[in-house]
file input32.csv (CSV, N, CA and C atoms)
chain,number,residue,atom,x,y,z
A,1351,MET,N,85.3,106.9,123.1
A,1351,MET,CA,85.5,105.7,122.4
A,1351,MET,C,84.7,104.6,123.0
A,1352,ASP,N,84.6,104.6,124.4
A,1352,ASP,CA,83.8,103.5,125.1
A,1352,ASP,C,82.4,103.7,124.8
A,1353,GLU,N,81.9,104.9,124.7
A,1353,GLU,CA,80.5,105.2,124.4
A,1353,GLU,C,80.1,104.6,123.0
A,1354,MET,N,81.1,104.8,122.0
A,1354,MET,CA,80.8,104.3,120.7
A,1354,MET,C,80.8,102.8,120.7
A,1355,GLU,N,81.7,102.1,121.4
A,1355,GLU,CA,81.7,100.7,121.5
A,1355,GLU,C,80.4,100.2,122.2
A,1356,ASP,N,80.0,100.8,123.3
A,1356,ASP,CA,78.8,100.4,124.0
A,1356,ASP,C,77.6,100.6,123.1
A,1357,SER,N,77.5,101.7,122.3
A,1357,SER,CA,76.4,101.9,121.4
A,1357,SER,C,76.4,100.8,120.3
A,1358,LEU,N,77.6,100.5,119.8
A,1358,LEU,CA,77.7,99.5,118.8
A,1358,LEU,C,77.2,98.1,119.3
A,1359,ASP,N,77.7,97.8,120.5
A,1359,ASP,CA,77.3,96.5,121.1
A,1359,ASP,C,75.8,96.4,121.3
A,1360,ARG,N,75.2,97.5,121.8
A,1360,ARG,CA,73.8,97.5,122.0
A,1360,ARG,C,73.0,97.4,120.7
A,1361,GLN,N,73.5,98.1,119.7
A,1361,GLN,CA,72.8,98.0,118.4
A,1361,GLN,C,72.9,96.6,117.8
A,1362,LEU,N,74.1,96.0,117.9
A,1362,LEU,CA,74.2,94.6,117.4
A,1362,LEU,C,73.3,93.6,118.2
A,1363,ARG,N,73.2,93.8,119.5
A,1363,ARG,CA,72.3,92.9,120.2
A,1363,ARG,C,70.9,93.0,119.9
A,1364,GLU,N,70.4,94.3,119.7
A,1364,GLU,CA,69.1,94.6,119.3
A,1364,GLU,C,68.7,94.2,117.9
A,1365,ALA,N,69.7,94.2,117.0
A,1365,ALA,CA,69.5,94.0,115.6
A,1365,ALA,C,69.3,92.5,115.2
A,1366,ALA,N,70.0,91.6,116.0
A,1366,ALA,CA,69.9,90.2,115.7
A,1366,ALA,C,69.2,89.5,116.8
A,1367,PRO,N,67.9,89.2,116.7
A,1367,PRO,CA,67.3,88.5,117.8
A,1367,PRO,C,67.7,87.0,117.8
A,1368,TYR,N,67.6,86.4,118.9
A,1368,TYR,CA,68.0,85.0,119.1
A,1368,TYR,C,67.0,84.1,118.3
A,1369,ILE,N,67.6,83.2,117.6
A,1369,ILE,CA,66.7,82.2,116.8
A,1369,ILE,C,66.8,80.9,117.6
A,1370,ASP,N,65.6,80.4,118.0
A,1370,ASP,CA,65.6,79.2,118.8
A,1370,ASP,C,66.0,78.0,117.9
A,1371,ASP,N,67.0,77.3,118.4
A,1371,ASP,CA,67.5,76.1,117.6
A,1371,ASP,C,67.3,74.8,118.3
A,1372,ALA,N,66.4,74.8,119.3
A,1372,ALA,CA,66.1,73.6,120.0
A,1372,ALA,C,67.3,73.0,120.7
A,1373,GLY,N,68.2,73.8,121.2
A,1373,GLY,CA,69.3,73.3,122.0
A,1373,GLY,C,70.5,72.8,121.2
A,1374,PHE,N,70.4,73.0,119.8
A,1374,PHE,CA,71.5,72.6,119.0
A,1374,PHE,C,72.8,73.2,119.3
A,1375,THR,N,72.9,74.5,119.6
A,1375,THR,CA,74.1,75.2,119.9
A,1375,THR,C,74.7,74.7,121.2
A,1376,ALA,N,73.9,74.4,122.2
A,1376,ALA,CA,74.4,73.9,123.5
A,1376,ALA,C,75.0,72.5,123.3
A,1377,ARG,N,74.3,71.7,122.5
A,1377,ARG,CA,74.8,70.3,122.3
A,1377,ARG,C,76.2,70.4,121.5
A,1378,VAL,N,76.3,71.2,120.6
A,1378,VAL,CA,77.6,71.3,119.8
A,1378,VAL,C,78.7,71.8,120.7
A,1379,LEU,N,78.4,72.8,121.6
A,1379,LEU,CA,79.4,73.3,122.5
A,1379,LEU,C,79.8,72.3,123.5
A,1380,GLN,N,78.9,71.4,123.9
A,1380,GLN,CA,79.3,70.4,124.9
A,1380,GLN,C,80.2,69.3,124.3
A,1381,LYS,N,80.0,69.1,123.0
A,1381,LYS,CA,80.8,68.1,122.3
A,1381,LYS,C,82.2,68.6,121.9
A,1382,LEU,N,82.4,69.8,122.0
A,1382,LEU,CA,83.8,70.4,121.6
A,1382,LEU,C,84.8,70.0,122.7
A,1383,PRO,N,86.0,69.7,122.3
A,1383,PRO,CA,87.0,69.4,123.3
A,1383,PRO,C,87.3,70.6,124.2
A,1384,ALA,N,87.8,70.2,125.4
A,1384,ALA,CA,88.1,71.3,126.4
A,1384,ALA,C,89.3,72.1,125.8
A,1385,PRO,N,89.3,73.4,126.1
A,1385,PRO,CA,90.4,74.2,125.6
A,1385,PRO,C,91.7,73.8,126.3
A,1386,ARG,N,92.8,73.7,125.5
A,1386,ARG,CA,94.1,73.4,126.0
A,1386,ARG,C,94.7,74.6,126.7
A,1387,PRO,N,95.5,74.3,127.7
A,1387,PRO,CA,96.2,75.5,128.3
A,1387,PRO,C,97.2,76.2,127.3
A,1388,HIS,N,97.3,77.5,127.5
A,1388,HIS,CA,98.2,78.2,126.6
A,1388,HIS,C,99.6,78.0,126.9
A,1389,ARG,N,100.4,77.9,125.9
A,1389,ARG,CA,101.8,77.7,126.1
A,1389,ARG,C,102.6,78.9,125.7
A,1390,GLU,N,102.2,80.0,126.3
A,1390,GLU,CA,102.9,81.3,126.0
A,1390,GLU,C,104.3,81.3,126.4
A,1391,SER,N,104.7,80.7,127.5
A,1391,SER,CA,106.1,80.7,127.9
A,1391,SER,C,106.9,79.9,126.9
A,1392,LEU,N,106.4,78.8,126.4
A,1392,LEU,CA,107.2,78.0,125.5
A,1392,LEU,C,107.4,78.8,124.2
A,1393,ARG,N,106.3,79.5,123.8
A,1393,ARG,CA,106.4,80.3,122.5
A,1393,ARG,C,107.5,81.4,122.7
A,1394,ALA,N,107.5,82.0,123.9
A,1394,ALA,CA,108.4,83.1,124.2
A,1394,ALA,C,109.9,82.6,124.2
A,1395,VAL,N,110.1,81.4,124.7
A,1395,VAL,CA,111.4,80.8,124.8
A,1395,VAL,C,111.9,80.5,123.4
A,1396,ILE,N,111.0,79.9,122.6
A,1396,ILE,CA,111.4,79.6,121.2
A,1396,ILE,C,111.7,80.8,120.4
A,1397,LEU,N,110.9,81.9,120.5
A,1397,LEU,CA,111.2,83.1,119.8
A,1397,LEU,C,112.5,83.8,120.3
A,1398,LEU,N,112.7,83.7,121.6
A,1398,LEU,CA,113.9,84.3,122.1
A,1398,LEU,C,115.2,83.5,121.6
A,1399,GLY,N,115.1,82.2,121.6
A,1399,GLY,CA,116.1,81.4,121.1
A,1399,GLY,C,116.5,81.6,119.7
A,1400,ILE,N,115.4,81.7,118.8
A,1400,ILE,CA,115.6,81.9,117.4
A,1400,ILE,C,116.2,83.3,117.2
A,1401,THR,N,115.8,84.3,118.0
A,1401,THR,CA,116.3,85.7,117.9
A,1401,THR,C,117.8,85.7,118.2
A,1402,LEU,N,118.2,85.0,119.3
A,1402,LEU,CA,119.6,85.0,119.7
A,1402,LEU,C,120.4,84.2,118.7
A,1403,LEU,N,119.9,83.1,118.1
A,1403,LEU,CA,120.6,82.4,117.1
A,1403,LEU,C,120.8,83.2,115.9
A,1404,ALA,N,119.8,83.9,115.4
A,1404,ALA,CA,119.9,84.8,114.2
A,1404,ALA,C,120.9,85.9,114.5
A,1405,SER,N,120.8,86.5,115.7
A,1405,SER,CA,121.8,87.6,116.0
A,1405,SER,C,123.2,87.1,116.0
A,1406,GLY,N,123.4,86.0,116.6
A,1406,GLY,CA,124.8,85.4,116.6
A,1406,GLY,C,125.3,85.1,115.2
A,1407,LEU,N,124.4,84.5,114.4
A,1407,LEU,CA,124.7,84.2,113.0
A,1407,LEU,C,125.1,85.4,112.2
A,1408,ALA,N,124.3,86.5,112.4
A,1408,ALA,CA,124.5,87.7,111.7
A,1408,ALA,C,125.8,88.3,112.1
A,1409,TYR,N,126.2,88.2,113.4
A,1409,TYR,CA,127.4,88.8,113.9
A,1409,TYR,C,128.6,88.0,113.3
A,1410,VAL,N,128.5,86.7,113.2
A,1410,VAL,CA,129.6,85.9,112.7
A,1410,VAL,C,129.8,86.2,111.2
A,1411,LEU,N,128.6,86.2,110.5
A,1411,LEU,CA,128.7,86.4,109.0
A,1411,LEU,C,129.1,87.8,108.6
A,1412,SER,N,129.0,88.8,109.5
A,1412,SER,CA,129.4,90.1,109.2
A,1412,SER,C,130.8,90.4,109.6
A,1413,ASP,N,131.6,89.4,109.7
A,1413,ASP,CA,133.0,89.5,110.1
A,1413,ASP,C,133.1,90.1,111.5
A,1414,SER,N,132.4,89.6,112.4
A,1414,SER,CA,132.4,89.9,113.8
A,1414,SER,C,132.1,91.4,114.0
A,1415,GLY,N,131.2,91.9,113.2
A,1415,GLY,CA,130.7,93.3,113.4
A,1415,GLY,C,131.7,94.4,113.1
A,1416,ARG,N,132.7,94.1,112.3
A,1416,ARG,CA,133.8,95.1,112.0
A,1416,ARG,C,133.2,96.2,111.1
A,1417,PHE,N,132.1,96.0,110.5
A,1417,PHE,CA,131.5,97.1,109.7
A,1417,PHE,C,131.0,98.3,110.6
A,1418,VAL,N,130.8,98.0,111.8
A,1418,VAL,CA,130.2,99.1,112.7
A,1418,VAL,C,131.3,100.2,112.9
A,1419,PRO,N,132.5,99.8,113.4
A,1419,PRO,CA,133.5,100.9,113.5
A,1419,PRO,C,133.9,101.6,112.2
A,1420,TRP,N,133.9,100.9,111.1
A,1420,TRP,CA,134.2,101.5,109.8
A,1420,TRP,C,133.1,102.5,109.4
A,1421,THR,N,131.8,102.1,109.7
A,1421,THR,CA,130.7,103.0,109.4
A,1421,THR,C,130.8,104.3,110.3
A,1422,LEU,N,131.0,104.1,111.6
A,1422,LEU,CA,131.2,105.2,112.5
A,1422,LEU,C,132.3,106.1,112.1
A,1423,GLU,N,133.4,105.5,111.6
A,1423,GLU,CA,134.5,106.4,111.2
A,1423,GLU,C,134.1,107.2,109.9
A,1424,ARG,N,133.4,106.6,109.0
A,1424,ARG,CA,133.0,107.3,107.8
A,1424,ARG,C,132.0,108.5,108.2
A,1425,ILE,N,131.1,108.2,109.2
A,1425,ILE,CA,130.2,109.3,109.6
A,1425,ILE,C,131.0,110.4,110.3
A,1426,ALA,N,132.0,110.0,111.1
A,1426,ALA,CA,132.7,111.0,111.9
A,1426,ALA,C,133.5,111.9,111.0
A,1427,VAL,N,133.9,111.5,109.8
A,1427,VAL,CA,134.7,112.4,108.9
A,1427,VAL,C,133.8,113.2,108.0
A,1428,LEU,N,132.5,113.0,108.0
A,1428,LEU,CA,131.6,113.8,107.2
A,1428,LEU,C,131.6,115.2,107.7
A,1429,PRO,N,131.4,116.2,106.8
A,1429,PRO,CA,131.2,117.6,107.2
A,1429,PRO,C,130.0,117.7,108.1
A,1430,MET,N,130.1,118.6,109.0
A,1430,MET,CA,129.0,118.8,110.0
A,1430,MET,C,127.7,119.1,109.4
A,1431,MET,N,127.7,119.8,108.2
A,1431,MET,CA,126.4,120.1,107.6
A,1431,MET,C,125.8,118.9,107.0
A,1432,TRP,N,126.5,117.9,106.6
A,1432,TRP,CA,126.0,116.6,106.1
A,1432,TRP,C,125.4,115.8,107.2
A,1433,VAL,N,126.1,115.8,108.4
A,1433,VAL,CA,125.5,115.1,109.5
A,1433,VAL,C,124.2,115.7,110.0
A,1434,PHE,N,124.2,117.1,110.0
A,1434,PHE,CA,122.9,117.8,110.4
A,1434,PHE,C,121.8,117.4,109.4
A,1435,ALA,N,122.1,117.5,108.1
A,1435,ALA,CA,121.1,117.2,107.1
A,1435,ALA,C,120.6,115.7,107.2
A,1436,LEU,N,121.5,114.8,107.5
A,1436,LEU,CA,121.2,113.4,107.7
A,1436,LEU,C,120.3,113.2,108.9
A,1437,ALA,N,120.6,113.9,110.0
A,1437,ALA,CA,119.8,113.8,111.2
A,1437,ALA,C,118.4,114.4,111.0
A,1438,LEU,N,118.4,115.6,110.3
A,1438,LEU,CA,117.1,116.3,110.0
A,1438,LEU,C,116.2,115.4,109.1
A,1439,GLY,N,116.8,114.9,108.1
A,1439,GLY,CA,116.1,114.1,107.1
A,1439,GLY,C,115.5,112.8,107.8
A,1440,THR,N,116.3,112.2,108.6
A,1440,THR,CA,115.9,111.0,109.3
A,1440,THR,C,114.7,111.3,110.3
A,1441,GLY,N,114.9,112.4,111.0
A,1441,GLY,CA,113.8,112.8,111.9
A,1441,GLY,C,112.5,113.1,111.2
A,1442,LEU,N,112.6,113.8,110.0
A,1442,LEU,CA,111.4,114.1,109.2
A,1442,LEU,C,110.7,112.9,108.7
A,1443,VAL,N,111.5,111.9,108.3
A,1443,VAL,CA,110.9,110.6,107.7
A,1443,VAL,C,110.2,109.9,108.9
A,1444,ILE,N,110.8,109.8,110.0
A,1444,ILE,CA,110.2,109.1,111.2
A,1444,ILE,C,109.0,109.8,111.6
A,1445,MET,N,109.0,111.2,111.7
A,1445,MET,CA,107.9,111.9,112.1
A,1445,MET,C,106.7,111.8,111.1
A,1446,SER,N,107.0,111.7,109.8
A,1446,SER,CA,106.0,111.6,108.8
A,1446,SER,C,105.3,110.2,108.9
A,1447,LEU,N,106.1,109.2,109.2
A,1447,LEU,CA,105.6,107.8,109.3
A,1447,LEU,C,104.7,107.8,110.6
A,1448,GLY,N,105.1,108.4,111.7
A,1448,GLY,CA,104.3,108.4,112.9
A,1448,GLY,C,103.0,109.2,112.6
A,1449,LEU,N,103.0,110.3,111.9
A,1449,LEU,CA,101.8,111.1,111.6
A,1449,LEU,C,100.9,110.3,110.8
A,1450,ALA,N,101.4,109.6,109.7
A,1450,ALA,CA,100.6,108.8,108.9
A,1450,ALA,C,99.9,107.7,109.7
A,1451,ALA,N,100.6,107.1,110.6
A,1451,ALA,CA,100.0,106.0,111.4
A,1451,ALA,C,98.9,106.5,112.3
A,1452,ALA,N,99.2,107.7,112.9
A,1452,ALA,CA,98.2,108.3,113.8
A,1452,ALA,C,96.9,108.7,113.0
A,1453,VAL,N,97.1,109.3,111.8
A,1453,VAL,CA,95.9,109.7,111.0
A,1453,VAL,C,95.1,108.4,110.6
A,1454,SER,N,95.9,107.4,110.2
A,1454,SER,CA,95.2,106.1,109.8
A,1454,SER,C,94.4,105.5,111.0
A,1455,LYS,N,95.0,105.6,112.2
A,1455,LYS,CA,94.3,105.0,113.4
A,1455,LYS,C,93.0,105.8,113.7
A,1456,VAL,N,93.1,107.2,113.5
A,1456,VAL,CA,91.9,108.0,113.8
A,1456,VAL,C,90.8,107.7,112.8
A,1457,ARG,N,91.2,107.6,111.5
A,1457,ARG,CA,90.2,107.3,110.5
A,1457,ARG,C,89.6,105.9,110.7
A,1458,GLU,N,90.4,105.0,111.2
A,1458,GLU,CA,89.9,103.6,111.4
A,1458,GLU,C,88.9,103.6,112.6
A,1459,SER,N,89.2,104.4,113.6
A,1459,SER,CA,88.3,104.4,114.8
A,1459,SER,C,87.0,105.2,114.5
A,1460,GLN,N,87.1,106.1,113.5
A,1460,GLN,CA,85.8,106.9,113.2
A,1460,GLN,C,84.9,106.2,112.3
A,1461,SER,N,85.4,105.2,111.6
A,1461,SER,CA,84.5,104.4,110.6
A,1461,SER,C,83.9,103.3,111.3
call {"tool": "encode", "arguments": {"input": "input32.csv", "output": "C-alpha coordinates"}}
result
Amino acid sequence: MDEMEDSLDRQLREAAPYIDDAGFTARVLQKLPAPRPHRESLRAVILLGITLLASGLAYVLSDSGRFVPWTLERIAVLPMMWVFALALGTGLVIMSLGLAAAVSKVRESQS
(Lines of atoms letter the chains of each structure in order from A and count residues from 1; the text may use other names and numbers.)
(Lines give C-alpha, C1' and ligand atoms only; values in the text may rest on other atoms or scores of the structure.)
Protein backbone atom coordinates (compact mmCIF):
# COMPACT_ATOMS: atom_id res chain seq x y z
CA MET A 1 0.00 0.00 0.00
CA ASP A 2 2.83 2.40 0.86
CA GLU A 3 4.56 1.59 -2.43
CA MET A 4 1.40 2.49 -4.33
CA GLU A 5 1.05 5.79 -2.43
CA ASP A 6 4.72 6.64 -2.99
CA SER A 7 4.39 5.83 -6.67
CA LEU A 8 1.27 7.98 -6.95
CA ASP A 9 2.95 10.88 -5.14
CA ARG A 10 5.97 10.66 -7.45
CA GLN A 11 3.77 10.55 -10.56
CA LEU A 12 1.76 13.57 -9.43
CA ARG A 13 4.90 15.60 -8.71
CA GLU A 14 6.41 14.73 -12.08
CA ALA A 15 3.18 15.30 -14.04
CA ALA A 16 2.53 18.87 -12.89
CA PRO A 17 5.60 21.10 -13.19
CA TYR A 18 5.68 24.27 -11.12
CA ILE A 19 4.42 27.33 -12.95
CA ASP A 20 6.24 30.51 -11.95
CA ASP A 21 3.76 33.05 -10.63
CA ALA A 22 6.25 35.81 -9.71
CA GLY A 23 5.72 35.27 -5.98
CA PHE A 24 1.91 35.55 -6.10
CA THR A 25 1.35 32.36 -4.08
CA ALA A 26 3.81 33.43 -1.38
CA ARG A 27 2.15 36.88 -1.06
CA VAL A 28 -1.32 35.33 -0.76
CA LEU A 29 -0.13 32.88 1.89
CA GLN A 30 1.46 35.72 3.89
CA LYS A 31 -1.80 37.68 3.91
CA LEU A 32 -3.86 34.77 5.21
CA PRO A 33 -4.75 34.93 8.91
CA ALA A 34 -2.79 32.76 11.30
CA PRO A 35 -4.43 29.41 11.98
CA ARG A 36 -6.51 29.32 15.12
CA PRO A 37 -5.75 26.72 17.77
CA HIS A 38 -7.94 23.64 17.59
CA ARG A 39 -10.69 23.36 20.15
CA GLU A 40 -10.96 19.58 20.11
CA SER A 41 -11.52 19.37 23.86
CA LEU A 42 -14.44 21.82 23.70
CA ARG A 43 -15.98 19.85 20.85
CA ALA A 44 -15.60 16.61 22.81
CA VAL A 45 -17.24 18.14 25.89
CA ILE A 46 -20.16 19.43 23.82
CA LEU A 47 -20.69 16.08 22.10
CA LEU A 48 -20.47 14.22 25.40
CA GLY A 49 -22.95 16.61 27.02
CA ILE A 50 -25.44 16.28 24.17
CA THR A 51 -25.07 12.49 24.26
CA LEU A 52 -25.73 12.35 28.00
CA LEU A 53 -28.71 14.71 27.65
CA ALA A 54 -30.21 12.63 24.83
CA SER A 55 -29.65 9.40 26.76
CA GLY A 56 -31.33 10.84 29.85
CA LEU A 57 -34.23 12.14 27.80
CA ALA A 58 -34.69 8.77 26.08
CA TYR A 59 -34.61 7.03 29.48
CA VAL A 60 -37.29 9.32 30.92
CA LEU A 61 -39.50 9.19 27.82
CA SER A 62 -39.31 5.38 27.70
CA ASP A 63 -40.95 5.10 31.12
CA SER A 64 -37.62 4.73 32.91
CA GLY A 65 -36.48 1.86 30.73
CA ARG A 66 -39.27 -0.51 31.74
CA PHE A 67 -39.38 -1.89 28.22
CA VAL A 68 -36.02 -3.63 28.80
CA PRO A 69 -37.18 -6.21 31.38
CA TRP A 70 -40.41 -6.77 29.43
CA THR A 71 -38.42 -7.48 26.26
CA LEU A 72 -36.02 -9.77 28.11
CA GLU A 73 -38.98 -11.65 29.59
CA ARG A 74 -40.50 -12.10 26.12
CA ILE A 75 -37.18 -13.41 24.77
CA ALA A 76 -36.78 -15.74 27.77
CA VAL A 77 -40.09 -17.50 27.10
CA LEU A 78 -39.34 -18.07 23.41
CA PRO A 79 -38.65 -21.66 22.39
CA MET A 80 -34.92 -22.45 22.24
CA MET A 81 -35.08 -23.06 18.48
CA TRP A 82 -36.39 -19.51 17.93
CA VAL A 83 -33.60 -18.04 20.07
CA PHE A 84 -31.02 -20.04 18.12
CA ALA A 85 -32.53 -18.92 14.79
CA LEU A 86 -32.57 -15.29 15.96
CA ALA A 87 -28.92 -15.46 17.05
CA LEU A 88 -27.87 -17.21 13.84
CA GLY A 89 -29.76 -14.74 11.64
CA THR A 90 -28.31 -11.74 13.48
CA GLY A 91 -24.80 -13.16 13.18
CA LEU A 92 -25.22 -13.78 9.45
CA VAL A 93 -26.49 -10.24 8.84
CA ILE A 94 -23.61 -8.68 10.78
CA MET A 95 -21.07 -10.94 9.05
CA SER A 96 -22.52 -10.03 5.63
CA LEU A 97 -22.30 -6.32 6.38
CA GLY A 98 -18.68 -6.72 7.52
CA LEU A 99 -17.81 -8.69 4.40
CA ALA A 100 -19.45 -6.08 2.16
CA ALA A 101 -17.50 -3.31 3.92
CA ALA A 102 -14.22 -5.23 3.54
CA VAL A 103 -14.82 -5.91 -0.17
CA SER A 104 -15.71 -2.26 -0.72
CA LYS A 105 -12.53 -1.13 1.03
CA VAL A 106 -10.39 -3.48 -1.06
CA ARG A 107 -11.97 -2.27 -4.30
CA GLU A 108 -11.49 1.33 -3.22
CA SER A 109 -7.81 0.80 -2.46
CA GLN A 110 -7.21 -0.98 -5.78
CA SER A 111 -8.68 1.81 -7.90
call {"tool": "select_by_dssp", "arguments": {"input": "input32.csv", "residues": "chain A", "states": "alpha helix (DSSP H)", "output": "number ranges by chain"}}
result
A: 1352-1365, 1374-1381, 1390-1411, 1417-1426, 1430-1460
call {"tool": "atom_distance", "arguments": {"input": "input32.csv", "atom1": "CA of Gln1460 (chain A)", "atom2": "CA of Gln1361 (chain A)"}}
result
16.6 Å
call {"tool": "atom_distance", "arguments": {"input": "input32.csv", "atom1": "atom N of Ser1391 (chain A)", "atom2": "atom N of Ala1404 (chain A)"}}
result
19.6 Å
call {"tool": "atom_distance", "arguments": {"input": "input32.csv", "atom1": "atom C of Ser1454 (chain A)", "atom2": "CA of Thr1440 (chain A)"}}
result
22.3 Å
